[in-house]
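With CSV, C-alpha atoms inside, this is entry-v9.csv:
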chain,number,residue,atom,x,y,z
A,17,MET,CA,0.0,0.0,0.0
A,18,ALA,CA,-1.5,13.6,1.7
A,19,GLY,CA,1.2,15.5,3.1
A,20,ALA,CA,2.2,19.2,3.4
A,21,VAL,CA,3.6,20.9,0.3
A,22,ALA,CA,7.3,21.5,0.7
A,23,THR,CA,8.7,25.0,-0.1
A,24,ALA,CA,12.3,23.8,-0.8
A,25,VAL,CA,13.7,21.3,-3.2
A,26,VAL,CA,15.7,18.6,-1.5
A,27,VAL,CA,18.1,16.3,-3.5
A,28,LEU,CA,18.2,12.8,-1.9
A,29,ALA,CA,21.4,10.8,-2.5
A,30,GLU,CA,21.2,7.1,-2.9
A,31,PRO,CA,21.8,5.5,0.6
A,32,ALA,CA,25.4,4.6,1.1
A,33,ARG,CA,26.4,1.0,1.7
A,34,PRO,CA,28.9,0.2,4.3
A,35,ARG,CA,32.5,0.0,3.0
A,36,GLY,CA,33.2,-3.5,1.7
A,37,CYS,CA,29.6,-4.6,2.1
A,38,GLY,CA,28.1,-6.7,-0.7
A,39,CYS,CA,24.6,-6.2,0.6
A,40,ALA,CA,21.9,-5.1,-1.8
A,41,LEU,CA,19.8,-1.9,-1.6
A,42,PRO,CA,16.1,-2.3,-0.6
A,43,PRO,CA,13.8,-3.3,-3.5
A,44,ASP,CA,12.2,-0.4,-5.4
A,45,THR,CA,8.6,-1.3,-6.3
A,46,SER,CA,7.6,2.2,-7.6
A,47,GLY,CA,7.6,1.0,-11.2
A,48,ILE,CA,5.3,-1.9,-10.6
A,49,SER,CA,2.8,-0.7,-8.0
A,50,GLY,CA,0.2,0.0,-10.7
A,51,VAL,CA,0.5,-3.5,-12.4
A,52,PRO,CA,-2.2,-5.2,-10.2
A,53,ARG,CA,-4.6,-2.4,-11.2
A,54,GLU,CA,-3.7,-2.8,-14.9
A,55,TRP,CA,-4.4,-6.5,-14.5
A,56,GLN,CA,-7.7,-5.9,-12.8
A,57,ALA,CA,-8.8,-3.4,-15.5
A,58,ALA,CA,-8.0,-5.9,-18.2
A,59,MET,CA,-10.0,-8.6,-16.4
A,60,ALA,CA,-13.0,-6.2,-16.1
A,61,ARG,CA,-12.9,-5.6,-19.9
A,62,ARG,CA,-12.3,-9.2,-20.6
A,63,ASP,CA,-9.3,-7.9,-22.6
A,64,ALA,CA,-7.3,-11.1,-23.2
A,65,GLY,CA,-4.7,-9.3,-25.4
A,66,THR,CA,-3.7,-6.9,-22.6
A,67,ALA,CA,-3.8,-9.6,-20.0
A,68,TRP,CA,-1.5,-11.8,-22.1
A,69,ARG,CA,1.0,-9.0,-22.4
A,70,LEU,CA,1.0,-8.6,-18.7
A,71,LEU,CA,1.8,-12.3,-18.0
A,72,THR,CA,5.2,-13.7,-17.1
A,73,PRO,CA,6.7,-16.0,-19.8
A,74,GLU,CA,6.1,-18.9,-17.5
A,75,ALA,CA,2.4,-18.0,-17.1
A,76,GLN,CA,2.1,-17.6,-20.9
A,77,ARG,CA,3.4,-21.1,-21.4
A,78,ARG,CA,1.0,-22.4,-18.8
A,79,TYR,CA,-2.1,-20.8,-20.5
A,80,GLY,CA,-0.8,-21.6,-24.0
A,81,SER,CA,-2.3,-18.8,-26.1
A,82,VAL,CA,-4.3,-15.6,-26.0
A,83,LYS,CA,-7.3,-17.7,-27.1
A,84,ASP,CA,-6.9,-20.2,-24.2
A,85,LEU,CA,-6.3,-17.3,-21.8
A,86,ARG,CA,-9.6,-15.7,-22.9
A,87,GLY,CA,-11.5,-18.8,-21.7
A,88,ALA,CA,-9.8,-18.6,-18.3
A,89,LEU,CA,-10.5,-14.9,-17.7
A,90,PRO,CA,-13.8,-15.4,-15.7
A,91,ARG,CA,-11.9,-17.7,-13.3
A,92,LEU,CA,-9.0,-15.3,-13.0
A,93,ALA,CA,-10.9,-12.1,-12.6
A,94,PRO,CA,-11.0,-10.5,-9.1
A,95,ASP,CA,-14.4,-10.9,-7.4
A,96,SER,CA,-14.9,-7.8,-5.3
A,97,HIS,CA,-18.3,-7.0,-3.9
A,98,GLY,CA,-17.5,-3.4,-3.0
A,99,SER,CA,-14.7,-0.8,-3.0
A,100,ALA,CA,-11.4,-2.6,-2.7
A,101,GLY,CA,-7.6,-1.9,-2.9
A,102,TRP,CA,-4.5,-3.8,-3.6
A,103,ARG,CA,-2.2,-4.6,-0.6
A,104,LEU,CA,1.4,-5.8,-0.9
A,105,VAL,CA,1.5,-8.7,1.6
A,106,ARG,CA,4.6,-10.6,0.7
A,107,GLN,CA,7.9,-10.0,-1.1
A,108,VAL,CA,10.6,-12.5,-2.0
A,109,THR,CA,13.7,-10.6,-3.0
A,110,GLN,CA,17.4,-10.2,-2.4
A,111,GLY,CA,17.2,-6.4,-3.0
A,112,ARG,CA,17.1,-3.9,-5.8
A,113,GLY,CA,18.1,-5.2,-9.2
A,114,THR,CA,17.5,-8.9,-8.4
A,115,PRO,CA,14.8,-11.2,-9.6
A,116,SER,CA,11.9,-10.7,-7.1
A,117,ARG,CA,8.3,-11.7,-6.5
A,118,PHE,CA,5.7,-9.5,-4.9
A,119,LEU,CA,2.3,-10.9,-3.8
A,120,TYR,CA,-0.5,-8.3,-4.0
A,121,LEU,CA,-3.9,-9.1,-2.5
A,122,LEU,CA,-7.1,-7.3,-3.4
A,123,VAL,CA,-8.9,-6.6,-0.2
A,124,GLU,CA,-12.4,-5.1,0.2
A,125,LYS,CA,-12.0,-1.9,2.2
A,126,ARG,CA,-15.1,-2.3,4.4
A,127,SER,CA,-15.3,-6.0,5.0
A,128,LEU,CA,-11.6,-6.9,4.6
A,129,ARG,CA,-12.7,-9.8,2.4
A,130,PRO,CA,-9.9,-10.9,0.0
A,131,ALA,CA,-11.2,-10.7,-3.5
A,132,GLY,CA,-8.2,-11.7,-5.7
A,133,ALA,CA,-4.4,-11.9,-5.8
A,134,VAL,CA,-1.5,-11.6,-8.3
A,135,VAL,CA,2.2,-12.3,-8.0
A,136,VAL,CA,4.2,-9.6,-9.8
A,137,HIS,CA,7.7,-10.6,-11.0
A,138,SER,CA,10.2,-7.8,-11.3
A,139,MET,CA,13.9,-6.8,-11.0
A,140,ALA,CA,12.7,-4.4,-8.3
A,141,ASP,CA,14.8,-1.5,-9.6
A,142,GLY,CA,12.1,1.0,-10.1
A,143,SER,CA,11.5,0.3,-13.8
A,144,ALA,CA,8.1,-0.7,-15.2
A,145,ASP,CA,9.1,-4.3,-15.8
A,146,GLY,CA,6.4,-6.0,-13.7
A,147,ARG,CA,4.8,-9.1,-15.1
A,148,VAL,CA,1.9,-11.1,-13.6
A,149,ASP,CA,1.5,-14.6,-12.4
A,150,PRO,CA,-2.2,-14.9,-11.4
A,151,ALA,CA,-3.0,-16.5,-8.0
A,152,PRO,CA,-6.7,-17.2,-8.7
A,153,ALA,CA,-7.7,-18.9,-5.5
A,154,ALA,CA,-6.8,-19.1,-1.8
A,155,THR,CA,-5.2,-22.5,-1.3
A,156,VAL,CA,-3.4,-22.1,2.1
A,157,ARG,CA,-5.6,-23.3,4.9
A,158,ILE,CA,-5.5,-21.4,8.2
A,159,LEU,CA,-6.8,-24.0,10.7
A,160,GLU,CA,-6.9,-21.7,13.8
A,161,PRO,CA,-8.3,-19.2,14.5
A,162,ALA,CA,-11.6,-19.9,13.0
A,163,ALA,CA,-13.4,-17.3,10.8
A,164,ARG,CA,-15.0,-14.5,12.8
A,165,ALA,CA,-13.1,-15.5,16.0
A,166,THR,CA,-11.9,-12.9,18.5
A,167,VAL,CA,-8.2,-13.4,19.1
A,168,ASP,CA,-5.6,-12.0,21.5
A,169,ALA,CA,-3.3,-9.1,20.5
A,170,ARG,CA,-0.4,-11.7,20.0
A,171,PRO,CA,-2.4,-14.5,18.4
A,172,ARG,CA,-1.0,-18.0,18.0
A,173,LEU,CA,-1.9,-19.4,14.6
A,174,ARG,CA,-2.1,-22.9,13.0
A,175,ALA,CA,-1.8,-23.4,9.3
A,176,ALA,CA,-2.0,-26.6,7.2
A,177,THR,CA,1.6,-26.1,5.8
A,178,GLY,CA,4.7,-28.3,6.2
A,179,SER,CA,6.7,-25.3,7.7
A,180,PRO,CA,5.6,-22.0,9.1
A,181,PRO,CA,4.3,-19.7,6.4
A,182,ALA,CA,4.8,-15.9,6.3
A,183,TYR,CA,2.0,-14.1,8.1
A,184,VAL,CA,0.6,-10.6,7.7
A,185,VAL,CA,-2.3,-8.9,9.4
A,186,VAL,CA,-4.3,-6.6,7.1
A,187,ARG,CA,-6.4,-3.8,8.7
A,188,ARG,CA,-8.3,-1.0,7.1
A,189,ASP,CA,-5.5,1.4,7.8
A,190,GLY,CA,-2.5,-0.7,7.0
A,191,GLU,CA,-0.6,-4.0,7.4
A,192,THR,CA,1.6,-5.7,10.0
A,193,LEU,CA,4.1,-8.3,8.9
A,194,GLY,CA,4.9,-11.2,11.1
A,195,ALA,CA,8.4,-12.1,12.1
A,196,VAL,CA,10.4,-13.8,9.4
A,197,GLY,CA,10.7,-17.6,10.2
A,198,SER,CA,8.0,-17.6,12.8
A,199,ILE,CA,8.5,-20.2,15.5
A,200,ARG,CA,6.4,-23.4,15.2
A,201,GLY,CA,6.0,-25.2,18.5
A,202,ALA,CA,5.8,-29.0,19.0
A,203,ASP,CA,2.0,-28.6,19.1
A,204,GLY,CA,2.0,-27.2,15.5
A,205,TRP,CA,1.1,-23.6,16.5
A,206,ASP,CA,3.0,-20.6,15.0
A,207,THR,CA,3.9,-17.4,16.9
A,208,PRO,CA,4.7,-14.8,14.3
A,209,PHE,CA,3.7,-11.6,16.1
A,210,HIS,CA,6.0,-10.5,19.0
A,211,LYS,CA,4.4,-7.1,19.5
A,212,ALA,CA,0.8,-6.5,20.3
A,213,LEU,CA,-1.5,-6.0,17.3
A,214,LYS,CA,-3.8,-3.1,17.0
A,215,PRO,CA,-7.3,-4.0,18.2
A,216,GLY,CA,-10.3,-4.2,15.7
A,217,PRO,CA,-11.3,-6.1,12.6
A,218,ALA,CA,-8.5,-7.7,10.7
A,219,LEU,CA,-7.6,-10.2,8.0
A,220,ILE,CA,-4.9,-12.6,8.9
A,221,VAL,CA,-3.1,-13.8,5.7
A,222,ALA,CA,-0.7,-16.8,5.5
A,223,VAL,CA,1.6,-17.0,2.5
A,224,ASP,CA,3.4,-20.2,1.5
A,225,ALA,CA,5.8,-21.2,-1.3
A,226,ASP,CA,6.0,-24.5,-3.1
A,227,GLY,CA,9.1,-26.3,-4.1
A,228,GLY,CA,9.3,-24.3,-7.3
A,229,GLY,CA,8.9,-21.0,-5.5
A,230,ARG,CA,5.3,-20.2,-6.5
A,231,LEU,CA,3.5,-18.3,-3.9
A,232,SER,CA,0.1,-19.2,-2.5
A,233,TYR,CA,-2.0,-17.7,0.2
A,234,GLY,CA,-5.0,-18.1,2.5
A,235,GLY,CA,-6.8,-15.8,4.9
A,236,VAL,CA,-9.2,-15.6,7.8
A,237,ARG,CA,-11.1,-12.6,9.0
A,238,VAL,CA,-11.0,-12.1,12.8
A,239,THR,CA,-11.4,-9.4,15.5
A,240,ILE,CA,-8.3,-8.6,17.6
A,241,ARG,CA,-9.1,-7.6,21.1
Translate the structure described by the file into structure tokens.
Amino acid sequence: MAGAVATAVVVLAEPARPRGCGCALPPDTSGISGVPREWQAAMARRDAGTAWRLLTPEAQRRYGSVKDLRGALPRLAPDSHGSAGWRLVRQVTQGRGTPSRFLYLLVEKRSLRPAGAVVVHSMADGSADGRVDPAPAATVRILEPAARATVDARPRLRAATGSPPAYVVVRRDGETLGAVGSIRGADGWDTPFHKALKPGPALIVAVDADGGGRLSYGGVRVTIR
């Protein structure tokens, strides 16, 4: 996912790296932030040609042709029942200028219901190079908490995954990422949030990756007390 108007021009230098450090700069998603909206607009128009051009080469091979993709559009199109916005809920990257994947989730603003998802592939260097791999359905199962449950501010979670997934809490006013590599206890419960979460309605999202690196997700709407 207004500010005051400045009266002076400030030139910002690229952040310096420590001497001798081979670490990468943070990813720059400015050139791809509009890609999910482009995909959504193409789906709404049933514009298979534009949708095809937005696909990654791997996704193009999977769908075969523009004609075959056209038949899949109703299944791939986001299904929002009200005003919704795209949220960046997961990034897999080694920094700016490296092959990266970004999972964007379309979330209804009032209900926090997930209505669609895409994975955008990019070099994360600020250029408009984003290409889409559709994630048409939620396939990761969050076993606990149950939908509509009221949970503690540091909820323990249980997902049907072989290892702990990445967790994020989506609220109407923002997102909170869980700790990287959340601890899974012997009882199968994950503890991804070390700080108390903001109370109120929330969507808990779990993001997993298969052996080939493809991202999948699942979500459950809860109330945090």
Straight-line distance linking atom CA of A:Glu74 with atom CA of A:Ala151, stated in Å to one decimal
13.4 Å
From the set A:Pro217, A:Ala144, A:Ala163, A:Asp224, which residue has the shortest atom-to-atom contact distance to A:Gly178, counting all atoms listed in the file?
A:Asp224
Need to verify the contact set: A:Val236, 8 Å, only C-alpha atoms, exclusion of same-chain residues closer than 5 positions in sequence. Can you return it as a VMD selection string?
chain A and resid 158 161 to 164 219 to 221
Figure out the distance between atom CA of A:Thr155 and atom CA of A:Arg241, please, to one decimal in Å.
27.2 Å
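Atom CA of A:Val136 sits 16.6 Å away from atom CA of A:Ala154.
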Polymer residues at most 12 Å from A:Val148, all atoms listed in the file, same-chain spacing of 6 or more positions, as number ranges by chain:
A: 48-56, 66-76, 92, 116-120, 133-138
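Shortest atom-to-atom contact with A:Lys125 among A:Ala88, A:Val82, A:Ala218, A:Ile240: A:Ala218, counting only C-alpha atoms.
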When you look at A:Leu128 with a cut-off of 8 Å (counting only C-alpha atoms), what residues show up, excluding the ones that are within fewer than 5 positions of it in the same chain? I need them as a PyMOL selection string.
chain A and resi 123+186-188+218-219+237
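Closest approach to A:Val108 among A:Ala58, A:Val185, A:Ala176, A:Met139: A:Met139, based on all atoms listed in the file.
Using all atoms listed in the file, the shortest contact distance between A:Ala195 and any of A:Pro180, A:Gly228, A:Gly235, A:Gly98 is found at A:Pro180.
Minimum atom-to-atom distance to A:Asp168, evaluated using all atoms listed in the file, belongs to A:Phe209 out of A:Phe209, A:Tyr233, A:Tyr183, A:Tyr79.
Nearest to A:Pro181 of all the residues A:Pro150, A:Gly132, A:Gly234, A:Gly216 is A:Gly234, counting all atoms listed in the file.
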Non-local contacts of A:Leu173 (7 Å; only C-alpha atoms; under 3 positions in same chain excluded) as a list of chain:residue names
A:Glu160, A:Pro161, A:Trp205, A:Asp206, A:Thr207
So that I can see what lies close to A:Ala131, please list as a ChimeraX atom specification the residues with an atom at most 7 Å from it, counting only C-alpha atoms and leaving out residues fewer than 4 positions away in the same chain.
/A:94-96,122-124
Save the residues we just selected, C-alpha atoms, as an mmCIF file, keeping the file's coordinate frame?
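Written output follows (again-v6.cif):
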data_model
loop_
_atom_site.group_PDB
_atom_site.id
_atom_site.type_symbol
_atom_site.label_atom_id
_atom_site.label_comp_id
_atom_site.auth_asym_id
_atom_site.auth_seq_id
_atom_site.Cartn_x
_atom_site.Cartn_y
_atom_site.Cartn_z
ATOM 1 C CA PRO A 94 -11.000 -10.500 -9.100
ATOM 2 C CA ASP A 95 -14.400 -10.900 -7.400
ATOM 3 C CA SER A 96 -14.900 -7.800 -5.300
ATOM 4 C CA LEU A 122 -7.100 -7.300 -3.400
ATOM 5 C CA VAL A 123 -8.900 -6.600 -0.200
ATOM 6 C CA GLU A 124 -12.400 -5.100 0.200
#
